[in-house]
>>> print(open('upload.pdb').read())   # PDB, C-alpha atoms
ATOM      1  CA  MET P   1      16.169   5.724  -8.988  1.00  0.00           C
ATOM      2  CA  LYS P   2      13.983   8.699  -8.149  1.00  0.00           C
ATOM      3  CA  LYS P   3      10.268   7.795  -8.115  1.00  0.00           C
ATOM      4  CA  ILE P   4       7.774  10.648  -8.025  1.00  0.00           C
ATOM      5  CA  TYR P   5       4.091   9.879  -7.525  1.00  0.00           C
ATOM      6  CA  SER P   6       0.853  11.788  -7.647  1.00  0.00           C
ATOM      7  CA  ALA P   7      -0.319  13.150  -4.292  1.00  0.00           C
ATOM      8  CA  GLN P   8      -3.727  11.649  -5.184  1.00  0.00           C
ATOM      9  CA  ASN P   9      -2.102   8.214  -5.159  1.00  0.00           C
ATOM     10  CA  PHE P  10      -0.561   8.903  -1.740  1.00  0.00           C
ATOM     11  CA  ALA P  11      -3.980  10.046  -0.520  1.00  0.00           C
ATOM     12  CA  ALA P  12      -5.563   6.800  -1.776  1.00  0.00           C
ATOM     13  CA  TYR P  13      -2.892   4.763   0.025  1.00  0.00           C
ATOM     14  CA  ILE P  14      -3.359   6.726   3.256  1.00  0.00           C
ATOM     15  CA  ILE P  15      -7.151   6.396   3.141  1.00  0.00           C
ATOM     16  CA  TYR P  16      -7.111   2.650   2.456  1.00  0.00           C
ATOM     17  CA  GLU P  17      -4.487   1.949   5.111  1.00  0.00           C
ATOM     18  CA  LEU P  18      -6.062   4.081   7.832  1.00  0.00           C
ATOM     19  CA  ASN P  19      -9.505   2.625   7.171  1.00  0.00           C
ATOM     20  CA  ASP P  20      -7.977  -0.877   7.438  1.00  0.00           C
ATOM     21  CA  MET P  21      -6.463   0.193  10.777  1.00  0.00           C
ATOM     22  CA  ASN P  22      -9.862   1.582  11.882  1.00  0.00           C
ATOM     23  CA  THR P  23      -8.239   4.999  12.226  1.00  0.00           C
ATOM     24  CA  PHE P  24     -10.067   8.280  11.545  1.00  0.00           C
ATOM     25  CA  VAL P  25      -9.068  10.378   8.545  1.00  0.00           C
ATOM     26  CA  ASN P  26     -10.803  13.484   7.198  1.00  0.00           C
ATOM     27  CA  THR P  27      -9.825  16.244   4.772  1.00  0.00           C
ATOM     28  CA  LYS P  28      -7.801  18.187   7.335  1.00  0.00           C
ATOM     29  CA  SER P  29      -5.941  15.153   8.711  1.00  0.00           C
ATOM     30  CA  LEU P  30      -5.248  13.945   5.158  1.00  0.00           C
ATOM     31  CA  GLN P  31      -3.552  17.262   4.319  1.00  0.00           C
ATOM     32  CA  HIS P  32      -1.591  17.054   7.576  1.00  0.00           C
ATOM     33  CA  LEU P  33      -0.436  13.526   6.723  1.00  0.00           C
ATOM     34  CA  LEU P  34       0.571  14.589   3.211  1.00  0.00           C
ATOM     35  CA  GLU P  35       2.730  17.295   4.793  1.00  0.00           C
ATOM     36  CA  ILE P  36       4.383  14.766   7.129  1.00  0.00           C
ATOM     37  CA  VAL P  37       4.964  12.381   4.213  1.00  0.00           C
ATOM     38  CA  LYS P  38       6.592  15.153   2.152  1.00  0.00           C
ATOM     39  CA  LYS P  39       8.922  16.226   4.969  1.00  0.00           C
ATOM     40  CA  GLN P  40       9.985  12.701   5.922  1.00  0.00           C
ATOM     41  CA  TRP P  41      10.283  11.591   2.296  1.00  0.00           C
ATOM     42  CA  GLU P  42      12.555  14.541   1.548  1.00  0.00           C
ATOM     43  CA  SER P  43      14.593  13.754   4.668  1.00  0.00           C
ATOM     44  CA  VAL P  44      15.057  10.079   3.730  1.00  0.00           C
ATOM     45  CA  PHE P  45      15.163  10.166  -0.079  1.00  0.00           C
ATOM     46  CA  GLY P  46      16.244  13.753  -0.759  1.00  0.00           C
ATOM     47  CA  TYR P  47      13.426  14.809  -3.100  1.00  0.00           C
ATOM     48  CA  SER P  48       9.704  15.624  -3.029  1.00  0.00           C
ATOM     49  CA  PRO P  49       7.437  12.590  -3.482  1.00  0.00           C
ATOM     50  CA  TYR P  50       4.701  14.564  -5.283  1.00  0.00           C
ATOM     51  CA  LYS P  51       4.529  15.799  -8.840  1.00  0.00           C
ATOM     52  CA  GLU P  52       1.914  18.369  -7.753  1.00  0.00           C
ATOM     53  CA  GLN P  53       2.801  21.772  -6.332  1.00  0.00           C
ATOM     54  CA  THR P  54       2.358  22.072  -2.563  1.00  0.00           C
ATOM     55  CA  TYR P  55       1.493  25.200  -0.610  1.00  0.00           C
ATOM     56  CA  THR P  56       1.852  26.368   2.952  1.00  0.00           C
ATOM     57  CA  LEU P  57      -0.890  28.850   3.737  1.00  0.00           C
ATOM     58  CA  LEU P  58      -0.914  30.673   7.060  1.00  0.00           C
ATOM     59  CA  ALA P  59      -4.697  30.544   7.434  1.00  0.00           C
ATOM     60  CA  HIS P  60      -5.252  26.941   6.328  1.00  0.00           C
ATOM     61  CA  GLY P  61      -1.932  25.158   6.888  1.00  0.00           C
ATOM     62  CA  TYR P  62      -0.364  22.853   4.337  1.00  0.00           C
ATOM     63  CA  ILE P  63      -2.279  22.114   1.128  1.00  0.00           C
ATOM     64  CA  VAL P  64      -1.940  19.966  -1.958  1.00  0.00           C
ATOM     65  CA  LYS P  65      -4.629  21.744  -3.961  1.00  0.00           C
ATOM     66  CA  GLU P  66      -5.631  18.811  -6.182  1.00  0.00           C
ATOM     67  CA  VAL P  67      -6.177  16.577  -3.153  1.00  0.00           C
ATOM     68  CA  TYR P  68      -7.954  19.311  -1.204  1.00  0.00           C
ATOM     69  CA  ASP P  69     -10.333  19.968  -4.110  1.00  0.00           C
ATOM     70  CA  ALA P  70     -11.173  16.258  -4.400  1.00  0.00           C
ATOM     71  CA  TYR P  71     -12.217  15.948  -0.727  1.00  0.00           C
ATOM     72  CA  LYS P  72     -13.328  19.434   0.374  1.00  0.00           C
ATOM     73  CA  GLU P  73     -17.061  18.677   0.102  1.00  0.00           C
ATOM     74  CA  LEU P  74     -16.654  16.066   2.884  1.00  0.00           C
ATOM     75  CA  GLY P  75     -15.568  18.742   5.360  1.00  0.00           C
ATOM     76  CA  GLU P  76     -14.971  17.174   8.790  1.00  0.00           C
ATOM     77  CA  GLN P  77     -16.648  13.874   7.883  1.00  0.00           C
ATOM     78  CA  PRO P  78     -14.489  10.734   7.754  1.00  0.00           C
ATOM     79  CA  ILE P  79     -13.158   9.754   4.337  1.00  0.00           C
ATOM     80  CA  LEU P  80     -14.160   6.163   3.657  1.00  0.00           C
ATOM     81  CA  GLU P  81     -12.783   5.750   0.142  1.00  0.00           C
ATOM     82  CA  PRO P  82     -10.418   7.577  -2.210  1.00  0.00           C
ATOM     83  CA  ALA P  83     -11.620  10.150  -4.707  1.00  0.00           C
ATOM     84  CA  LYS P  84     -12.328   8.973  -8.214  1.00  0.00           C
ATOM     85  CA  GLU P  85     -10.739   9.919 -11.517  1.00  0.00           C
ATOM     86  CA  TRP P  86     -11.930   9.606 -15.087  1.00  0.00           C
ATOM     87  CA  PHE P  87     -10.026   6.937 -17.025  1.00  0.00           C
ATOM     88  CA  LEU P  88     -10.073   6.025 -20.707  1.00  0.00           C
ATOM     89  CA  THR P  89      -8.269   2.927 -21.961  1.00  0.00           C
ATOM     90  CA  TYR P  90      -6.591   3.399 -25.327  1.00  0.00           C
ATOM     91  CA  GLY P  91      -8.935   2.174 -28.052  1.00  0.00           C
ATOM     92  CA  ASP P  92     -12.046   2.235 -25.858  1.00  0.00           C
ATOM     93  CA  PHE P  93     -14.922   4.610 -26.328  1.00  0.00           C
ATOM     94  CA  GLN P  94     -16.190   4.654 -22.760  1.00  0.00           C
ATOM     95  CA  LEU P  95     -14.879   6.724 -19.883  1.00  0.00           C
ATOM     96  CA  ILE P  96     -14.633   4.860 -16.599  1.00  0.00           C
ATOM     97  CA  ARG P  97     -14.821   6.545 -13.201  1.00  0.00           C
ATOM     98  CA  ARG P  98     -12.494   4.679 -10.837  1.00  0.00           C
ATOM     99  CA  PRO P  99     -10.741   5.361  -7.522  1.00  0.00           C
ATOM    100  CA  PHE P 100      -7.207   6.693  -7.664  1.00  0.00           C
ATOM    101  CA  ALA P 101      -4.685   3.862  -7.600  1.00  0.00           C
ATOM    102  CA  VAL P 102      -2.327   3.084  -4.753  1.00  0.00           C
ATOM    103  CA  PRO P 103       1.352   3.638  -5.652  1.00  0.00           C
ATOM    104  CA  ALA P 104       3.627   0.636  -6.221  1.00  0.00           C
ATOM    105  CA  PHE P 105       6.083   1.558  -3.466  1.00  0.00           C
ATOM    106  CA  SER P 106       9.506  -0.012  -3.098  1.00  0.00           C
ATOM    107  CA  ALA P 107      10.096  -1.918   0.164  1.00  0.00           C
ATOM    108  CA  GLU P 108      11.920   1.073   1.673  1.00  0.00           C
ATOM    109  CA  GLU P 109       9.158   3.499   0.647  1.00  0.00           C
ATOM    110  CA  GLU P 110       6.521   1.143   2.061  1.00  0.00           C
ATOM    111  CA  ARG P 111       8.377   0.939   5.415  1.00  0.00           C
ATOM    112  CA  LEU P 112       8.488   4.730   5.625  1.00  0.00           C
ATOM    113  CA  MET P 113       4.768   5.058   4.851  1.00  0.00           C
ATOM    114  CA  ARG P 114       3.813   2.406   7.414  1.00  0.00           C
ATOM    115  CA  LYS P 115       5.959   4.135  10.040  1.00  0.00           C
ATOM    116  CA  ILE P 116       4.268   7.490   9.352  1.00  0.00           C
ATOM    117  CA  LEU P 117       0.785   5.959   9.605  1.00  0.00           C
ATOM    118  CA  ARG P 118       1.614   4.030  12.806  1.00  0.00           C
ATOM    119  CA  ASN P 119       2.923   7.242  14.368  1.00  0.00           C
ATOM    120  CA  TYR P 120      -0.258   9.057  13.316  1.00  0.00           C
ATOM    121  CA  GLN P 121      -2.449   6.327  14.811  1.00  0.00           C
ATOM    122  CA  THR P 122      -0.450   6.354  18.058  1.00  0.00           C
ATOM    123  CA  ALA P 123      -0.726  10.158  18.284  1.00  0.00           C
ATOM    124  CA  LEU P 124      -4.505   9.932  17.884  1.00  0.00           C
ATOM    125  CA  LEU P 125      -4.752   7.283  20.600  1.00  0.00           C
ATOM    126  CA  VAL P 126      -2.569   9.267  22.996  1.00  0.00           C
ATOM    127  CA  HIS P 127      -4.593  12.430  22.335  1.00  0.00           C
ATOM    128  CA  ALA P 128      -7.877  10.572  22.886  1.00  0.00           C
ATOM    129  CA  SER P 129      -6.852   9.156  26.257  1.00  0.00           C
TER     130      SER P 129
END
>>> encode(input="upload.pdb", output="structure tokens")
Amino acid sequence: MKKIYSAQNFAAYIIYELNDMNTFVNTKSLQHLLEIVKKQWESVFGYSPYKEQTYTLLAHGYIVKEVYDAYKELGEQPILEPAKEWFLTYGDFQLIRRPFAVPAFSAEEERLMRKILRNYQTALLVHAS
């Protein structure tokens, strides 16, 4: 069955995982990783993983606008936690500001994501040495 997620949820997953791996991630690298995820996801599963529209801009590279807007004020600084969203539980009268949730990936989707992040970490280490 085709599962399509929010790019914000992918971003939250990437940020949590890379921080757990003690691997640098900023706004630019997050957009780059979202591009890699989209390409590999389409190659493996045959459809785009994001419900949001994606753009390839010559001047700025690949962009998922909603994700870019959520993190742009950080600039080149490391991202330590996912952006937050406003949430209202049905029947409640209080808005809650909480981090975007991590997607509930299938085992195959999880393997693909871990492979992408390991490759990213290895590329950073190779580049640094």
>>> closest_residue(input="upload.pdb", among="P:Leu124, P:Leu112, P:Ala107, P:Ile14", to="P:Trp41", atoms="all atoms listed in the file")
P:Leu112
>>> residues_around(input="upload.pdb", residues="stretch 22-32 of chain P", least_positions_apart="3", cutoff="8 Å", atoms="all atoms listed in the file", output="list in words")
Ala11, Ile14, Ile15, Leu18, Asn19, Glu35, Ile36, Tyr62, Ile63, Val64, Val67, Tyr68, Tyr71, Lys72, Leu74, Gly75, Glu76, Gln77, Pro78, Ile79 and Gln121 of chain P
>>> resolve_selection(input="upload.pdb", expression="the PyMOL selection byres ((chain P and resi 116) around 12)", output="JSON, numbers by chain")
{"P": [14, 17, 18, 32, 33, 34, 35, 36, 37, 38, 39, 40, 41, 109, 110, 111, 112, 113, 114, 115, 117, 118, 119, 120, 121, 122, 123]}
>>> atom_distance(input="upload.pdb", atom1="atom CA of P:Glu66", atom2="atom CA of P:Pro49")
14.7 Å
>>> atom_distance(input="upload.pdb", atom1="atom CA of P:Phe105", atom2="atom CA of P:Asp20")
18.0 Å
>>> residues_around(input="upload.pdb", residues="stretch 3-10 of chain P", least_positions_apart="3", cutoff="6 Å", atoms="all atoms listed in the file", output="mmCIF file with C-alpha atoms, keeping the file's coordinate frame")
data_model
loop_
_atom_site.group_PDB
_atom_site.id
_atom_site.type_symbol
_atom_site.label_atom_id
_atom_site.label_comp_id
_atom_site.auth_asym_id
_atom_site.auth_seq_id
_atom_site.Cartn_x
_atom_site.Cartn_y
_atom_site.Cartn_z
ATOM 1 C CA TYR P 13 -2.892 4.763 0.025
ATOM 2 C CA PRO P 49 7.437 12.590 -3.482
ATOM 3 C CA TYR P 50 4.701 14.564 -5.283
ATOM 4 C CA LYS P 51 4.529 15.799 -8.840
ATOM 5 C CA VAL P 67 -6.177 16.577 -3.153
ATOM 6 C CA PHE P 100 -7.207 6.693 -7.664
ATOM 7 C CA ALA P 101 -4.685 3.862 -7.600
ATOM 8 C CA VAL P 102 -2.327 3.084 -4.753
ATOM 9 C CA PRO P 103 1.352 3.638 -5.652
#
>>> atom_distance(input="upload.pdb", atom1="atom CA of P:Arg98", atom2="atom CA of P:Pro82")
9.3 Å
>>> closest_residue(input="upload.pdb", among="P:Pro99, P:Ser106, P:Lys65, P:Thr54", to="P:Leu80", atoms="only C-alpha atoms")
P:Pro99
>>> closest_residue(input="upload.pdb", among="P:Ala12, P:Gly61, P:His127, P:Glu42", to="P:Ala83", atoms="all atoms listed in the file")
P:Ala12
>>> closest_residue(input="upload.pdb", among="P:Ala70, P:Lys2, P:Met21, P:Tyr16", to="P:Phe45", atoms="only C-alpha atoms")
P:Lys2
